[in-house]
Each structure stands twice: as C-alpha cells, then as structure tokens.
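Worksheet for the structure shown next.
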Amino acid sequence: MKYLPMLCKKGTKELLRSKDYIFEPKLDGTRCIAEINEEVNLFNRREKNIRKRYPFICQELKKYKGMVFDGEIVCYNKEGIPDFYLLQKREHIDNEFIIEIKAKLIPATYVIFDILEIDGKSLIEKPLEERKEILNDLFEKSAHLELIFSTPNGEALWKEIIKRDMEGVIAKKLGSKYYPGERRKEWLKIKNTKTIDVVIVGYTQEIREISALAMALWKDGKLYYIGKVGTGFDEELMNYMLKKFEKVDSPPVVNPENAPENVIWVKPKFVAEVEYLEITKDNELRAPAFKRLREDKSVDECTFEQVE
C-alpha cells in the first residue's frame with residue numbers, strides 16, 4: 001500500500017495546556033514517507049520520489065526492510081535548529097556528483113515521527129501511543145536518522161520553541177488513528193509565526209534579475225493577486241526559478257490591475273511559503289518575506305482559507 005501523509009489543521013495556544021495530546025516540535029523541512037523494501041523510496045507530499053537526493057538517509061534506512069515511516073527531512077544549522085535555507089541547497093539538484101558532494105557538506109537528517117506498516121501489515125488503525133511504542137522499540141539512532149522529540153507538556157515545549165525561534169508545535173490527539181492523505185483535527189499545528197502558502201504568478205526585474213515575486217491565492221476557482229514579495233530569496237534560488245518559470249501572455253489572475261505594470265506573468269505552478277504581518281482590507285499581504293519554495297505542495301492548496 002502506498003501512503004499519503006496525514007495533514008494538520010490549525011490549533012490555538014490554549015491547546016498547549018491540554019492533557020489529551022502529545023506535543024512535538026514543528027520542523028522546518030520536507031515531509032517525507034519512507035517505504036523500505038528491496039530498495040528505499042522517499043516520497044514527498046506530491047508523491048515525487050526524492051531518494052536520489054539523500055543517499056546517506058537511504059543507506060541507513062535499509063536495515064528497516066518491510067517498514068513504512070512518516071517523518072521530515074531537515075538540515076540542522078550550527079545551533080542545532082532545522083534550517084530550510086540549508087535544506088534548499090539540497091533540494092534543487094539532480095546531478096549525482098553534486099548530490100554526493102552536498103550530502104557531505106550539508107548533511108540531512110530524516111526525523112521519524114510515525115510508523116505506518118511492518119511487513120505488509122498496516123498499523124494505521126492502531127492508536128498513536130501504540131504506534132509510538134512500536135517505533136521506540138525498533139528504532140536505533142544513526143548519523144542521519146533520529147526520532148522526533150515528544151512530550152505531554154505543551155507549554156514547556158512552546159517556551160523552548162519561542163526561545164529558539166522555531167516553527168511551532170504539533171499537537172497529536174492521544175488514542176488517534178493515522179488518516180493517510182487527510183487533513184484532520186486529531187493533528188493540530190500551533191505556529192510561532194504567521195505564514196501562508198502562495199502561488200507565484202509573476203516577477204519584476206529592476207535591480208536584480210528577480211526584484212520581487214508576484215503572489216496570488218485561489219478563491220472560488222479563480223486566482224487573485226495579493227501583492228509582491230522582494231526579500232528572502234538569494235541569487236542561487238533566483239537563478240533556479242528563472243530557469244523553471246514559463247512566461248505567459250495573459251495574466252493568470254482576475255485582478256491584474258492591482259499589480260505593478262512591469263510584472264512579467266508566469267504559469268502558476270510554483271508555491272512559496274511567505275511570512276507576513278497581516279492581510280490588508282485590499283487583500284494584500286503586509287510586510288511579506290519569502291521563506292522558502294514549496295515544491296512538495298500543490299498550487300491548489302493556496303487558498304484564502306489559510307489567512308489567519
């Protein structure tokens with residue numbers, strides 16, 4: 001059986017006091033289902049097999065033949081905090097020689113937080129605590145594999161998350177099953193910062209090859225321009241995007257009059273995660289900052305329903 005990852009709904013900080021959940025740090029990485037049989041396969045949220053990019057992770061997973069894990073691939077910075085900027089340097093390469101070099105220079109870790117199958121027997125109907133116990137009993141830490149930290153004390157974990165300026169906390173309901181491919185209230189994310197996934201619909205060229213990215217969100221089957229973001233991406237990512245963008249003659253948004261006249265419109269096929277302060281009354285993001293390219297997410301997920 002091929003599994004899609006179970007997804008989270010939004011939670012609030014009041015939840016951190018609850019005794020009905022276990023709490024885990026929300027990691028800044030790439031979600032990944034690991035299927036280990038004759039070979040190791042790593043599937044991201046869009047079901048793309050990214051195994052070639054992470055040879056050391058695959059090598060260490062071979063000992064778990066017959067198992068299926070859910071987890072997050074991360075790259076730690078010098079402070080021991082997951083850093084997506086570093087991970088992006090591993091994400092956008094396919095050349096095997098460069099992959100081998102970067103695997104050594106920028107090591108990646110697969111942080112496992114669930115087990116879904118052993119020897120063809122599905123575990124998704126078992127309660128969360130039982131799946132965790134099975135995982136703890138069989139897992140052995142190695143250089144590029146580790147288990148997620150879990151605690152019943154959500155408030156203490158939140159304080160540590162704030163101190164380290166990390167993504168947030170995931171609350172998982174005790175006794176809950178695993179629901180592949182579903183966004184469920186049994187798993188809730190409590191975010192430290194306001195972020196939103198947007199569709200990249202164009203860009204401007206002023207001082208740099210890309211001075212700013214034009215953003216949009218879906219509503220009632222139509223794309224609406226919601227502003228531009230000009231900070232947070234470096235030259236390497238900029239060059240990558242320029243190679244991948246497909247220019248279009250007509251704006252893909254229904255309100256192009258709200259955008260600058262010098263926008264170069266592109267086919268809406270890329271998702272970016274953006275930090276922001278608020279959304280204005282004109283439906284534009286205030287003080288947006290580019291956080292990362294999300295090639296593991298579909299543009300269909302970028303709706304106004306995300307707005308906090």
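Ligands are numbered from 1 in the order shown, residues from 1 within each chain, and chains are lettered A, B, ... in the order they appear in the structure tokens.
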Residues near stretch 50-62 of chain A, cut-off 8 Å, only C-alpha atoms, skip fewer than 2 positions along chain, as a PyMOL selection string: chain A and resi 36-37+39-44+48+64-65+90-91+93-94+96+99-100+103+108-110+142+144-145
Kindly save the residues from that selection, with N, CA and C atoms included, as a short mmCIF file (atom, residue, chain, number, x, y, z; two decimals), in the first residue's frame.
data_model
loop_
_atom_site.label_atom_id
_atom_site.label_comp_id
_atom_site.auth_asym_id
_atom_site.auth_seq_id
_atom_site.Cartn_x
_atom_site.Cartn_y
_atom_site.Cartn_z
N ILE A 36 10.43 1.15 2.76
CA ILE A 36 11.66 0.36 2.69
C ILE A 36 11.33 -1.08 2.32
N ASN A 37 11.70 -1.47 1.11
CA ASN A 37 11.56 -2.85 0.66
C ASN A 37 12.90 -3.30 0.09
N GLU A 39 14.45 -1.79 -2.13
CA GLU A 39 15.14 -0.51 -2.16
C GLU A 39 14.38 0.48 -1.31
N VAL A 40 15.02 1.58 -0.99
CA VAL A 40 14.39 2.62 -0.17
C VAL A 40 13.82 3.69 -1.08
N ASN A 41 12.57 4.04 -0.86
CA ASN A 41 11.94 5.13 -1.60
C ASN A 41 11.48 6.21 -0.64
N LEU A 42 11.71 7.45 -1.02
CA LEU A 42 11.32 8.60 -0.20
C LEU A 42 10.35 9.46 -1.01
N PHE A 43 9.09 9.50 -0.58
CA PHE A 43 8.07 10.23 -1.32
C PHE A 43 7.68 11.51 -0.57
N ASN A 44 7.77 12.66 -1.28
CA ASN A 44 7.32 13.90 -0.65
C ASN A 44 5.81 14.03 -0.78
N LYS A 48 6.46 12.65 -5.26
CA LYS A 48 7.69 12.58 -6.03
C LYS A 48 8.74 11.83 -5.22
N TYR A 64 15.71 -1.29 7.96
CA TYR A 64 14.30 -1.36 8.39
C TYR A 64 13.42 -1.91 7.27
N LYS A 65 13.91 -2.92 6.60
CA LYS A 65 13.19 -3.51 5.47
C LYS A 65 11.79 -3.97 5.88
N ARG A 90 20.00 21.45 -0.91
CA ARG A 90 19.98 20.02 -1.24
C ARG A 90 18.79 19.66 -2.14
N GLU A 91 17.76 20.52 -2.17
CA GLU A 91 16.50 20.18 -2.82
C GLU A 91 16.53 20.33 -4.33
N ILE A 93 18.79 20.00 -6.82
CA ILE A 93 19.88 19.45 -7.64
C ILE A 93 19.57 18.00 -8.02
N ASP A 94 19.97 17.63 -9.23
CA ASP A 94 19.77 16.28 -9.72
C ASP A 94 21.07 15.63 -10.20
N GLU A 96 24.28 13.76 -9.94
CA GLU A 96 24.71 12.80 -8.92
C GLU A 96 26.03 13.19 -8.25
N ILE A 99 25.24 16.02 -5.88
CA ILE A 99 24.48 15.45 -4.76
C ILE A 99 25.43 14.81 -3.75
N GLU A 100 26.39 14.05 -4.24
CA GLU A 100 27.35 13.37 -3.35
C GLU A 100 28.17 14.39 -2.55
N ALA A 103 25.84 16.18 0.00
CA ALA A 103 25.43 15.27 1.06
C ALA A 103 26.44 15.26 2.20
N ALA A 108 21.91 15.95 5.79
CA ALA A 108 20.47 15.96 6.06
C ALA A 108 20.13 14.85 7.04
N THR A 109 19.08 15.06 7.80
CA THR A 109 18.61 14.07 8.78
C THR A 109 17.13 13.79 8.54
N TYR A 110 16.77 12.51 8.58
CA TYR A 110 15.36 12.13 8.49
C TYR A 110 14.85 11.94 9.91
N SER A 142 21.03 6.78 14.29
CA SER A 142 22.25 6.73 13.48
C SER A 142 22.58 8.14 13.00
N HIS A 144 22.20 9.85 10.32
CA HIS A 144 21.26 10.64 9.53
C HIS A 144 19.80 10.27 9.80
N LEU A 145 19.56 9.54 10.89
CA LEU A 145 18.20 9.18 11.29
C LEU A 145 18.01 9.47 12.77
#
DSSP-assigned strand (DSSP E or B) members of stretch 86-166 of chain A, reported as a PyMOL selection string: chain A and resi 109-118+121-122+142+145-147+151
Next, the residues of the selection above should be written as an mmCIF file, in the first residue's frame with C-alpha atoms.
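As a result, result-v4.cif now contains:
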data_model
loop_
_atom_site.group_PDB
_atom_site.id
_atom_site.type_symbol
_atom_site.label_atom_id
_atom_site.label_comp_id
_atom_site.auth_asym_id
_atom_site.auth_seq_id
_atom_site.Cartn_x
_atom_site.Cartn_y
_atom_site.Cartn_z
ATOM 1 C CA THR A 109 18.605 14.073 8.781
ATOM 2 C CA TYR A 110 15.362 12.126 8.491
ATOM 3 C CA VAL A 111 13.399 12.795 11.680
ATOM 4 C CA ILE A 112 10.839 9.999 12.057
ATOM 5 C CA PHE A 113 7.601 10.589 13.946
ATOM 6 C CA ASP A 114 5.325 7.718 12.916
ATOM 7 C CA ILE A 115 5.330 4.124 11.652
ATOM 8 C CA LEU A 116 2.573 3.049 9.261
ATOM 9 C CA GLU A 117 3.413 -0.511 8.262
ATOM 10 C CA ILE A 118 5.576 -3.523 9.123
ATOM 11 C CA LYS A 121 0.714 -5.231 7.950
ATOM 12 C CA SER A 122 -0.805 -1.774 8.269
ATOM 13 C CA SER A 142 22.247 6.726 13.475
ATOM 14 C CA LEU A 145 18.204 9.178 11.286
ATOM 15 C CA GLU A 146 16.517 10.181 14.539
ATOM 16 C CA LEU A 147 13.140 10.113 16.277
ATOM 17 C CA THR A 151 6.231 15.435 25.385
#
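Proximity to stretch 259-262 of chain A at 7 Å, evaluated using only C-alpha atoms and with sequence-adjacent residues fewer than 2 positions away removed, yields Thr204, Tyr225, Gly227, Pro256, Glu257 and Ile264 of chain A.
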Secondary structure check, alpha helix (DSSP H) residues of stretch 56-142 of chain A, as a count of residues only: 35
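Using only C-alpha atoms for every distance, the candidate list A:Gly11, A:Gly221, A:Gly80, A:Gly175 yields A:Gly175 as the residue closest to A:Lys132.
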Contacts of stretch 48-124 of chain A with stretch 288-300 of chain A up to 9 Å, shortest pair per row, only C-alpha atoms, as a Markdown table:
| residue | atom | partner | partner_atom | distance |
| --- | --- | --- | --- | --- |
| A:Lys48 | CA | A:Asp296 | CA | 8.0 |
| A:Phe84 | CA | A:Arg292 | CA | 7.2 |
| A:Tyr85 | CA | A:Arg292 | CA | 7.3 |
| A:Gln88 | CA | A:Arg292 | CA | 7.8 |
Next, write the just-selected residues to a file, as a compact mmCIF listing (two decimals), in the first residue's frame, keeping all heavy atoms as the atom set.
# COMPACT_ATOMS: atom_id res chain seq x y z
N LYS A 48 6.46 12.65 -5.26
CA LYS A 48 7.69 12.58 -6.03
C LYS A 48 8.74 11.83 -5.22
O LYS A 48 8.94 12.11 -4.04
CB LYS A 48 8.20 13.99 -6.36
CG LYS A 48 9.48 13.99 -7.19
CD LYS A 48 9.93 15.41 -7.51
CE LYS A 48 11.20 15.40 -8.33
NZ LYS A 48 11.68 16.77 -8.64
N PHE A 84 15.67 25.62 6.79
CA PHE A 84 15.21 25.30 5.45
C PHE A 84 16.09 25.93 4.37
O PHE A 84 16.18 25.43 3.25
CB PHE A 84 13.75 25.71 5.24
CG PHE A 84 13.12 25.06 4.04
CD1 PHE A 84 12.61 23.77 4.13
CD2 PHE A 84 13.04 25.71 2.83
CE1 PHE A 84 12.06 23.14 3.03
CE2 PHE A 84 12.48 25.10 1.72
CZ PHE A 84 11.99 23.82 1.83
N TYR A 85 16.75 27.03 4.71
CA TYR A 85 17.68 27.66 3.77
C TYR A 85 18.78 26.66 3.39
O TYR A 85 19.15 26.55 2.23
CB TYR A 85 18.29 28.91 4.38
CG TYR A 85 19.35 29.56 3.53
CD1 TYR A 85 19.00 30.33 2.42
CD2 TYR A 85 20.70 29.39 3.81
CE1 TYR A 85 19.98 30.90 1.62
CE2 TYR A 85 21.68 29.96 3.01
CZ TYR A 85 21.31 30.73 1.92
OH TYR A 85 22.27 31.29 1.13
N GLN A 88 17.26 23.77 1.24
CA GLN A 88 17.00 24.14 -0.15
C GLN A 88 18.22 23.93 -1.03
O GLN A 88 18.10 23.69 -2.23
CB GLN A 88 16.54 25.60 -0.24
CG GLN A 88 15.05 25.72 -0.22
CD GLN A 88 14.55 27.11 -0.49
OE1 GLN A 88 13.38 27.25 -0.79
NE2 GLN A 88 15.36 28.12 -0.38
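If you count only C-alpha atoms and ignore residues fewer than 2 places along the chain from A:Pro25, what sits within 7 Å of it is A:Phe23, A:Leu27, A:Gly168, A:Val169, A:Ile170.
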Could the residues in this selection be written to a file with N, CA, C and O atoms, as a PDB file, in the first residue's frame?
ATOM      1  N   PHE A  23       2.833  16.463  22.333  1.00  0.00           N
ATOM      2  CA  PHE A  23       3.296  17.628  21.585  1.00  0.00           C
ATOM      3  C   PHE A  23       4.692  17.390  21.022  1.00  0.00           C
ATOM      4  O   PHE A  23       5.553  16.832  21.698  1.00  0.00           O
ATOM      5  N   LEU A  27       8.796  20.980  12.514  1.00  0.00           N
ATOM      6  CA  LEU A  27      10.115  21.078  11.906  1.00  0.00           C
ATOM      7  C   LEU A  27      10.075  21.801  10.562  1.00  0.00           C
ATOM      8  O   LEU A  27       9.129  21.643   9.786  1.00  0.00           O
ATOM      9  N   GLY A 168       7.075  26.099  15.372  1.00  0.00           N
ATOM     10  CA  GLY A 168       5.868  25.968  16.185  1.00  0.00           C
ATOM     11  C   GLY A 168       5.778  24.583  16.789  1.00  0.00           C
ATOM     12  O   GLY A 168       6.787  23.879  16.933  1.00  0.00           O
ATOM     13  N   VAL A 169       4.550  24.167  17.131  1.00  0.00           N
ATOM     14  CA  VAL A 169       4.312  22.895  17.814  1.00  0.00           C
ATOM     15  C   VAL A 169       3.203  22.142  17.088  1.00  0.00           C
ATOM     16  O   VAL A 169       2.246  22.745  16.588  1.00  0.00           O
ATOM     17  N   ILE A 170       3.327  20.816  17.037  1.00  0.00           N
ATOM     18  CA  ILE A 170       2.263  19.946  16.537  1.00  0.00           C
ATOM     19  C   ILE A 170       1.652  19.213  17.732  1.00  0.00           C
ATOM     20  O   ILE A 170       2.376  18.574  18.506  1.00  0.00           O
TER      21      ILE A 170
END
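Distances from A:Asn255, A:Asn283, A:Ser176, A:Thr30 to A:Lys126 were compared using only C-alpha atoms, and the smallest one belongs to A:Ser176.
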